[in-house]
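What follows is a short report on a single structure.
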Amino acid sequence: MMQERRPYNKLISIPFYQVVINDSFWAKRQNINRMTAIYHQYNQLEKDHHIDNFRVAAHEKKGTHREQFYYDSDLYKWLEAACYILHQNEDNNLKRKVDEIIDLILNSQLEDGYINTFYSTNFIERRFTNTTFMHELYCAGHLIQAAIAHYNATSSECLLKAAERFVYLIYEKFMKIKKENPPGHPEIELALMELFYLTNQNKYFILAKDFINRRGKDANSRRYIISQFLNMNSTLIMAKKKTNLDEADEIEDFYANLSIIERIKFYNSILSGKCYQLRTPVRNIVDPVGHAVRAMYLYCAMADIFSETGDESLVKVLKRSWLKINRGKMYITGSIGSIKGIEGFEKDFKLRIKRSYSETCAAIGYLIWNWRMLHITGHAKYSDLIEKILYNSMLVGQSLNGEKYSYDNPLISEGKDERKDWFLCPCCPPNIARTIASLGKYIYSKSENGILINQYIGSTLNCKMHNKDIQIIQESNFPWKGKVKLKIVLDTNQSFNIYLRIPEWSKDTQIEINGELYNENPSPGKYLEIFRNWCDKDEIIIVFEMKPTLIFGDPLVKDIRNKVCISNGPIVYCLEQKDNTDFDIFSAKIQKDISLKVIFQSKILGGVNTIEGIIFPDKKFLAIPYYAWNNRGPDKMQVWHKKV
């Protein structure tokens, strides 16, 4: 396994498998992910023909491709998540399922390396004719990532070699035809960069960079996009006739639920190329537009290209885009994408509450982009945002029992929203599974001089510093309490830095080293650098100020003007009607000088901090973490409340 090198990054990432999570919060989520969610998702993938499509392609079953054209990608994401789980846990049952899926993929591969069940079982002559809409390269990207995860977990090269054969075919096709449009859904680019770092094969880097540089060129014209749209329609009609089944169509289903205004925005965004991040050359991007997940994956790939080349024109765009999103296009939970019609970005400060969209996959895309920006810059603001996303906009996407999901995540509900076992477009569930399974990579990083504590999640880290073994044992009760203990385990004394992230929400932080007060006044939203000659069993105790706080709505955002929401540490809170039967939560008015009380309730929602207070004029309310809402059946809910 090659050491990942990203020469223009300030920080070095630490793989998730060097970190064992053992706290009471995230270890529980990982256990539910491993014991329940991954098997639930497998059963749904079996039920909805994702796996059967490979059986047909592998000639183990008669028939043709069923359901949606991008279904391979969801199975690949599940496979990636399963391999992450197997990397750290022995599970023979899960391993058998993984081996079965891999055998089907290998047996589905054509002689020239091609793998895609929609085209190989329907009409192979149409492959690579519609890179804008038909997700071939998107699916290929997720195959690559699954193959890398499998290789890292097992050292077996079988799936990795199959993925490389497919990439060779793609390279031959696209590097010879320079006018071909780039992928309509970015994903393969960052997968190619991961493959490049693993194998050191330069052609993977060349292809990824080429796909990035094609955007905004002649092939992205309105005429080209219209021709691709017509090609997609005819292809889907042909596929439906071949199956001779009246199956649900994701595009028709999505379109039917749009308002007239949303439909107009939908078609305008598609035909202009904005939705698919095709309209503007990447170095000319001024404003984040279009489909939020596509934008996040594109920005991740641009970050990876910068990390290898040092191309300042790319990182300049990324920093500007991040500031634009953070200031005017992001909800309080860290979620993004406010227009349902394009699952994407509205103009600055047009953050509707009643029709907020906030897809779970967009939150995860935002998470992995912030992780890249952290390693490029070393700035704590990216770690702060990773924390916000993890505890709010990502975690809300999966039910507490791991068996139900939300695709979009509103900040207010009339009581009609309901978590579902699965979706016609099931991209979010396996995306959550692979994120939770690989959570360890977000906790620590390295620099040339030391180790950064990015997230306060109870865990044990094993790594090397200056070629000497280091173990850091972190005890944390986040997100319920602000006390953290770090224990340094060394064979011999070592001099290096430990960088502690001081969360932006902790306005008063106390630090002790070996029982003595550390005479610093750490600044919120920054890393505190501590250099010393560390000895075995040295201890750092950090107490972050974690108290319930009112956040006042941005006056530039119409829907939250003169409103407040409640937070405590990294958690955003909401009111559900079932906890507040004495009044209508939509009429609640909160005073700005309200007294708020935190109460841990072990029997509610798996054990959470609740927050109590008095609303105007004289009613007691109870607030719960936003991530936990909609776990007791559909109910009224809101995050932002009227201010007295």
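Please note that chains go A, B, ... in the order of the structure tokens, that every chain numbers its residues from 1, and that ligands are numbered from 1 in the order shown.
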Point to revise | range 481-484 of chain A surroundings by only C-alpha atoms, 8 Å radius, close-in-sequence under 6 positions cut, as number ranges by chain | key: A: 456, 474-475, 541-546, 569
Expected file contents, prior selection, N, CA, C and O atoms, as a PDB file, in the first residue's frame:
```
ATOM      1  N   TYR A 456     -13.300  15.923  18.381  1.00  0.00           N
ATOM      2  CA  TYR A 456     -13.221  15.379  19.740  1.00  0.00           C
ATOM      3  C   TYR A 456     -14.175  14.199  19.859  1.00  0.00           C
ATOM      4  O   TYR A 456     -15.299  14.308  20.370  1.00  0.00           O
ATOM      5  N   GLN A 474      -7.905   9.171  23.256  1.00  0.00           N
ATOM      6  CA  GLN A 474      -8.802  10.303  23.492  1.00  0.00           C
ATOM      7  C   GLN A 474     -10.073   9.819  24.180  1.00  0.00           C
ATOM      8  O   GLN A 474     -10.747   8.920  23.690  1.00  0.00           O
ATOM      9  N   GLU A 475     -10.384  10.422  25.314  1.00  0.00           N
ATOM     10  CA  GLU A 475     -11.649  10.173  25.999  1.00  0.00           C
ATOM     11  C   GLU A 475     -12.519  11.414  25.836  1.00  0.00           C
ATOM     12  O   GLU A 475     -12.101  12.519  26.188  1.00  0.00           O
ATOM     13  N   ILE A 541      -5.915  17.668  29.558  1.00  0.00           N
ATOM     14  CA  ILE A 541      -7.352  17.745  29.843  1.00  0.00           C
ATOM     15  C   ILE A 541      -7.858  19.090  29.333  1.00  0.00           C
ATOM     16  O   ILE A 541      -7.299  20.143  29.655  1.00  0.00           O
ATOM     17  N   ILE A 542      -8.889  19.019  28.514  1.00  0.00           N
ATOM     18  CA  ILE A 542      -9.476  20.219  27.918  1.00  0.00           C
ATOM     19  C   ILE A 542     -10.931  20.301  28.350  1.00  0.00           C
ATOM     20  O   ILE A 542     -11.664  19.309  28.266  1.00  0.00           O
ATOM     21  N   VAL A 543     -11.344  21.456  28.799  1.00  0.00           N
ATOM     22  CA  VAL A 543     -12.752  21.681  29.139  1.00  0.00           C
ATOM     23  C   VAL A 543     -13.261  22.820  28.259  1.00  0.00           C
ATOM     24  O   VAL A 543     -12.870  23.981  28.435  1.00  0.00           O
ATOM     25  N   PHE A 544     -14.079  22.456  27.293  1.00  0.00           N
ATOM     26  CA  PHE A 544     -14.685  23.445  26.408  1.00  0.00           C
ATOM     27  C   PHE A 544     -15.979  23.960  27.038  1.00  0.00           C
ATOM     28  O   PHE A 544     -16.743  23.182  27.623  1.00  0.00           O
ATOM     29  N   GLU A 545     -16.202  25.242  26.917  1.00  0.00           N
ATOM     30  CA  GLU A 545     -17.460  25.802  27.408  1.00  0.00           C
ATOM     31  C   GLU A 545     -18.586  25.362  26.472  1.00  0.00           C
ATOM     32  O   GLU A 545     -18.651  25.777  25.316  1.00  0.00           O
ATOM     33  N   MET A 546     -19.455  24.509  26.988  1.00  0.00           N
ATOM     34  CA  MET A 546     -20.572  23.998  26.196  1.00  0.00           C
ATOM     35  C   MET A 546     -21.858  24.397  26.913  1.00  0.00           C
ATOM     36  O   MET A 546     -22.213  23.807  27.936  1.00  0.00           O
ATOM     37  N   GLY A 569     -23.095  23.483  22.035  1.00  0.00           N
ATOM     38  CA  GLY A 569     -21.900  22.879  21.465  1.00  0.00           C
ATOM     39  C   GLY A 569     -22.072  22.741  19.960  1.00  0.00           C
ATOM     40  O   GLY A 569     -22.484  23.678  19.279  1.00  0.00           O
TER      41      GLY A 569
END
```
For range 364-367 of chain A, list every protein, DNA or RNA residue within 8 Å, evaluated using only C-alpha atoms, and leave out those in the same chain fewer than 2 positions away; present the list as an mmCIF file with N, CA, C and O atoms, in the first residue's frame.
```
data_model
loop_
_atom_site.group_PDB
_atom_site.id
_atom_site.type_symbol
_atom_site.label_atom_id
_atom_site.label_comp_id
_atom_site.auth_asym_id
_atom_site.auth_seq_id
_atom_site.Cartn_x
_atom_site.Cartn_y
_atom_site.Cartn_z
ATOM 1 N N VAL A 293 -24.612 18.410 -5.174
ATOM 2 C CA VAL A 293 -23.721 17.249 -5.064
ATOM 3 C C VAL A 293 -22.677 17.284 -6.174
ATOM 4 O O VAL A 293 -21.485 17.040 -5.937
ATOM 5 N N MET A 296 -20.053 19.787 -5.268
ATOM 6 C CA MET A 296 -19.142 19.338 -4.210
ATOM 7 C C MET A 296 -18.117 18.344 -4.745
ATOM 8 O O MET A 296 -16.930 18.416 -4.414
ATOM 9 N N TYR A 297 -18.553 17.393 -5.556
ATOM 10 C CA TYR A 297 -17.621 16.407 -6.106
ATOM 11 C C TYR A 297 -16.631 17.065 -7.064
ATOM 12 O O TYR A 297 -15.456 16.683 -7.111
ATOM 13 N N ILE A 336 -26.655 22.209 2.485
ATOM 14 C CA ILE A 336 -26.615 23.079 1.304
ATOM 15 C C ILE A 336 -27.580 22.552 0.247
ATOM 16 O O ILE A 336 -27.990 21.398 0.273
ATOM 17 N N THR A 360 -29.180 14.882 1.727
ATOM 18 C CA THR A 360 -28.171 14.245 2.573
ATOM 19 C C THR A 360 -26.853 14.079 1.829
ATOM 20 O O THR A 360 -25.765 14.299 2.387
ATOM 21 N N CYS A 361 -26.899 13.669 0.569
ATOM 22 C CA CYS A 361 -25.669 13.489 -0.209
ATOM 23 C C CYS A 361 -24.918 14.799 -0.398
ATOM 24 O O CYS A 361 -23.690 14.803 -0.485
ATOM 25 N N ALA A 362 -25.651 15.916 -0.473
ATOM 26 C CA ALA A 362 -24.988 17.215 -0.603
ATOM 27 C C ALA A 362 -24.205 17.528 0.665
ATOM 28 O O ALA A 362 -23.093 18.068 0.606
ATOM 29 N N TRP A 369 -15.384 17.724 0.891
ATOM 30 C CA TRP A 369 -14.671 18.870 0.336
ATOM 31 C C TRP A 369 -13.989 19.659 1.454
ATOM 32 O O TRP A 369 -12.827 20.060 1.332
ATOM 33 N N ASN A 370 -14.683 19.877 2.566
ATOM 34 C CA ASN A 370 -14.075 20.585 3.690
ATOM 35 C C ASN A 370 -12.871 19.832 4.234
ATOM 36 O O ASN A 370 -11.895 20.449 4.665
ATOM 37 N N TRP A 371 -12.944 18.507 4.224
ATOM 38 C CA TRP A 371 -11.803 17.701 4.669
ATOM 39 C C TRP A 371 -10.595 17.962 3.778
ATOM 40 O O TRP A 371 -9.461 18.079 4.264
ATOM 41 N N LEU A 385 -16.536 23.297 10.477
ATOM 42 C CA LEU A 385 -17.675 23.002 9.609
ATOM 43 C C LEU A 385 -17.875 21.497 9.461
ATOM 44 O O LEU A 385 -19.011 21.011 9.400
ATOM 45 N N ILE A 386 -16.782 20.738 9.415
ATOM 46 C CA ILE A 386 -16.901 19.271 9.400
ATOM 47 C C ILE A 386 -17.676 18.804 10.626
ATOM 48 O O ILE A 386 -18.564 17.945 10.524
ATOM 49 N N ILE A 389 -21.404 19.572 10.205
ATOM 50 C CA ILE A 389 -22.038 18.664 9.252
ATOM 51 C C ILE A 389 -22.234 17.283 9.867
ATOM 52 O O ILE A 389 -23.309 16.673 9.746
ATOM 53 N N LEU A 390 -21.204 16.765 10.521
ATOM 54 C CA LEU A 390 -21.272 15.422 11.089
ATOM 55 C C LEU A 390 -22.435 15.273 12.060
ATOM 56 O O LEU A 390 -23.190 14.301 12.005
ATOM 57 N N MET A 394 -25.457 15.630 8.146
ATOM 58 C CA MET A 394 -25.200 14.262 7.715
ATOM 59 C C MET A 394 -25.972 13.268 8.563
ATOM 60 O O MET A 394 -26.685 12.399 8.063
ATOM 61 N N ASN A 431 -24.298 6.132 0.954
ATOM 62 C CA ASN A 431 -23.360 7.239 1.152
ATOM 63 C C ASN A 431 -23.157 7.494 2.646
ATOM 64 O O ASN A 431 -22.031 7.729 3.116
ATOM 65 N N ILE A 432 -24.248 7.445 3.410
ATOM 66 C CA ILE A 432 -24.140 7.571 4.860
ATOM 67 C C ILE A 432 -23.334 6.407 5.431
ATOM 68 O O ILE A 432 -22.475 6.588 6.302
ATOM 69 N N THR A 435 -19.680 6.840 4.938
ATOM 70 C CA THR A 435 -19.173 7.960 5.738
ATOM 71 C C THR A 435 -18.983 7.550 7.191
ATOM 72 O O THR A 435 -17.926 7.804 7.801
#
```
Tell me, as an mmCIF file with N, CA, C and O atoms, in the first residue's frame, which residues lie within 8 Å of Tyr391 in chain A, counting only C-alpha atoms; anything in the same chain fewer than 5 positions away does not count.
```
data_model
loop_
_atom_site.group_PDB
_atom_site.id
_atom_site.type_symbol
_atom_site.label_atom_id
_atom_site.label_comp_id
_atom_site.auth_asym_id
_atom_site.auth_seq_id
_atom_site.Cartn_x
_atom_site.Cartn_y
_atom_site.Cartn_z
ATOM 1 N N VAL A 396 -28.597 13.490 10.395
ATOM 2 C CA VAL A 396 -30.058 13.505 10.300
ATOM 3 C C VAL A 396 -30.569 12.592 9.190
ATOM 4 O O VAL A 396 -31.717 12.143 9.207
ATOM 5 N N PRO A 570 -21.802 21.562 19.406
ATOM 6 C CA PRO A 570 -21.903 21.383 17.960
ATOM 7 C C PRO A 570 -23.317 21.072 17.471
ATOM 8 O O PRO A 570 -23.543 20.973 16.267
ATOM 9 N N ILE A 571 -24.280 20.925 18.391
ATOM 10 C CA ILE A 571 -25.608 20.448 18.036
ATOM 11 C C ILE A 571 -26.583 21.598 17.826
ATOM 12 O O ILE A 571 -26.687 22.510 18.656
ATOM 13 N N TYR A 627 -30.766 16.305 14.573
ATOM 14 C CA TYR A 627 -30.495 15.039 13.902
ATOM 15 C C TYR A 627 -31.473 13.943 14.318
ATOM 16 O O TYR A 627 -31.663 12.956 13.600
#
```
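Going from CA of Asp74 in chain A over to CA of Pro426 in chain A, you cover 6.8 Å.
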Exercise for review: May I ask which of the residues A:Val286, A:Tyr267, A:Leu318, A:Thr309 is the closest one to Ile206 in chain A, counting only C-alpha atoms?
Suggested key: A:Thr309
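Ranking A:Arg6, A:Lys97, A:Lys636, A:Lys507 by their shortest atom-to-atom distance to Ile38 in chain A, with only C-alpha atoms included, puts A:Lys97 first.
Going from CA of Asp23 in chain A over to CA of Trp480 in chain A, you cover 11.7 Å.
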**Study point:** Picked from range 396-439 of chain A by DSSP as helix (DSSP H, G or I), as a list in words
**Key:** Val396, Gly397, Cys428, Pro429, Pro430, Asn431, Ile432, Ala433, Arg434, Thr435, Ile436, Ala437 and Leu439 of chain A
Exercise for review: Please provide as a PyMOL selection string all residues within 10 Å of Asn449 in chain A, with the sequence filter that same-chain residues fewer than 6 positions apart are discarded (counting only C-alpha atoms).
Suggested key: chain A and resi 11+465-466+495-499+531
Within 9 Å of Ile473 in chain A using only C-alpha atoms, minus same-chain residues under 2 positions, as a short mmCIF file (atom, residue, chain, number, x, y, z; two decimals) with all heavy atoms, in the first residue's frame:
```
data_model
loop_
_atom_site.label_atom_id
_atom_site.label_comp_id
_atom_site.auth_asym_id
_atom_site.auth_seq_id
_atom_site.Cartn_x
_atom_site.Cartn_y
_atom_site.Cartn_z
N GLY A 458 -14.14 10.14 21.04
CA GLY A 458 -13.40 9.16 21.81
C GLY A 458 -12.80 8.08 20.92
O GLY A 458 -13.52 7.41 20.18
N SER A 459 -11.48 7.91 20.99
CA SER A 459 -10.81 7.02 20.04
C SER A 459 -9.37 6.77 20.45
O SER A 459 -8.82 7.45 21.32
CB SER A 459 -10.83 7.66 18.64
OG SER A 459 -10.26 8.97 18.69
N THR A 460 -8.77 5.80 19.77
CA THR A 460 -7.34 5.52 19.95
C THR A 460 -6.67 5.63 18.59
O THR A 460 -7.08 4.97 17.62
CB THR A 460 -7.12 4.12 20.53
OG1 THR A 460 -7.74 4.05 21.82
CG2 THR A 460 -5.63 3.83 20.68
N LEU A 461 -5.66 6.46 18.51
CA LEU A 461 -4.88 6.66 17.29
C LEU A 461 -3.53 5.99 17.43
O LEU A 461 -2.84 6.15 18.44
CB LEU A 461 -4.67 8.16 17.04
CG LEU A 461 -3.58 8.54 16.02
CD1 LEU A 461 -3.99 8.15 14.61
CD2 LEU A 461 -3.26 10.03 16.09
N ASN A 462 -3.14 5.24 16.41
CA ASN A 462 -1.79 4.68 16.32
C ASN A 462 -1.14 5.20 15.04
O ASN A 462 -1.65 4.96 13.94
CB ASN A 462 -1.84 3.16 16.30
CG ASN A 462 -2.25 2.58 17.65
OD1 ASN A 462 -1.47 2.59 18.58
ND2 ASN A 462 -3.49 2.10 17.74
N GLN A 471 0.96 6.70 20.23
CA GLN A 471 -0.45 6.37 20.45
C GLN A 471 -1.09 7.52 21.21
O GLN A 471 -0.53 8.02 22.19
CB GLN A 471 -0.60 5.07 21.24
CG GLN A 471 -2.04 4.62 21.40
CD GLN A 471 -2.16 3.32 22.17
OE1 GLN A 471 -2.05 3.31 23.39
NE2 GLN A 471 -2.37 2.23 21.44
N GLU A 475 -10.38 10.42 25.31
CA GLU A 475 -11.65 10.17 26.00
C GLU A 475 -12.52 11.41 25.84
O GLU A 475 -12.10 12.52 26.19
CB GLU A 475 -11.42 9.88 27.48
CG GLU A 475 -10.63 8.61 27.75
CD GLU A 475 -10.39 8.39 29.23
OE1 GLU A 475 -11.06 9.06 30.05
OE2 GLU A 475 -9.52 7.56 29.57
N LYS A 485 -10.16 14.27 27.45
CA LYS A 485 -8.84 13.92 27.98
C LYS A 485 -8.02 13.23 26.90
O LYS A 485 -8.51 12.31 26.24
CB LYS A 485 -8.95 13.00 29.20
CG LYS A 485 -7.59 12.66 29.82
CD LYS A 485 -7.72 12.01 31.18
CE LYS A 485 -8.07 10.55 31.08
NZ LYS A 485 -8.00 9.86 32.40
N LEU A 486 -6.80 13.68 26.70
CA LEU A 486 -5.88 13.07 25.76
C LEU A 486 -4.71 12.46 26.53
O LEU A 486 -4.07 13.15 27.34
CB LEU A 486 -5.34 14.10 24.76
CG LEU A 486 -6.37 14.83 23.91
CD1 LEU A 486 -5.69 15.95 23.13
CD2 LEU A 486 -7.08 13.88 22.96
N LYS A 487 -4.42 11.20 26.26
CA LYS A 487 -3.29 10.53 26.90
C LYS A 487 -2.29 10.16 25.82
O LYS A 487 -2.64 9.53 24.82
CB LYS A 487 -3.77 9.28 27.64
CG LYS A 487 -2.68 8.55 28.41
CD LYS A 487 -3.28 7.37 29.17
CE LYS A 487 -2.23 6.62 29.96
NZ LYS A 487 -2.82 5.47 30.70
N ILE A 488 -1.03 10.54 26.02
CA ILE A 488 0.03 10.28 25.05
C ILE A 488 0.80 9.03 25.49
O ILE A 488 1.31 8.98 26.61
CB ILE A 488 1.01 11.47 24.95
CG1 ILE A 488 0.26 12.81 24.93
CG2 ILE A 488 1.91 11.31 23.73
CD1 ILE A 488 -0.69 12.98 23.80
N VAL A 489 0.89 8.04 24.62
CA VAL A 489 1.61 6.80 24.93
C VAL A 489 2.81 6.71 24.00
O VAL A 489 2.67 6.69 22.77
CB VAL A 489 0.69 5.57 24.76
CG1 VAL A 489 1.46 4.29 25.09
CG2 VAL A 489 -0.54 5.69 25.66
#
```
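Ranking A:Lys642, A:Arg501, A:His375, A:Lys47 by their shortest atom-to-atom distance to Glu67 in chain A, with only C-alpha atoms included, puts A:Lys47 first.
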Practice item. With a distance cut-off of 9 Å and only C-alpha atoms, select the neighbouring residues of Tyr407 in chain A, excluding the residue or stretch itself and same-chain residues fewer than 5 positions from it, and output the selection as number ranges by chain. Key: A: 357-361, 397, 419-420, 423, 425-429
Same residues, C-alpha atoms, saved as a compact mmCIF listing (two decimals), in the first residue's frame:
```txt
# COMPACT_ATOMS: atom_id res chain seq x y z
CA TYR A 357 -34.16 20.90 0.28
CA SER A 358 -30.80 20.05 1.86
CA GLU A 359 -30.13 16.64 0.37
CA THR A 360 -28.17 14.24 2.57
CA CYS A 361 -25.67 13.49 -0.21
CA GLY A 397 -30.12 11.44 7.09
CA ARG A 419 -38.42 8.62 7.00
CA LYS A 420 -38.38 5.77 4.48
CA PHE A 423 -35.85 5.45 -2.20
CA CYS A 425 -33.04 7.02 -6.10
CA PRO A 426 -31.22 5.42 -3.15
CA CYS A 427 -27.97 7.36 -3.31
CA CYS A 428 -28.10 8.63 0.28
CA PRO A 429 -28.28 5.43 2.41
```
Practice item. Excluding range 161-175 of chain A and any residue of its chain fewer than 3 positions from it, enumerate the residues within 6 Å of it, using only C-alpha atoms, and give them as a ChimeraX atom specification. Key: /A:113-114,144,157-158
Exercise for review: Rank A:Leu596, A:Lys340, A:Glu387, A:Arg632 by their smallest atom-to-atom distance to Ile260 in chain A, using only C-alpha atoms, and report the top residue only.
Suggested key: A:Lys340
Review point. Closest to Arg223 in chain A among A:Pro183, A:Pro548, A:Gly273, A:Pro410, using only C-alpha atoms?
Key: A:Gly273
**Study point:** Nearest candidate to Cys139 in chain A (options A:Glu60, A:Asp72, A:Asp91, A:Asp210; using only C-alpha atoms)
**Key:** A:Asp72
Check your understanding: How would you write, as a PyMOL selection string, the set of residues in range 7-227 of chain A that DSSP gives as strand (DSSP E or B)?
Key -> chain A and resi 12-13+19-21
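If you look at CA of Ile285 in chain A and CA of Ser227 in chain A, they are 25.0 Å away from each other.
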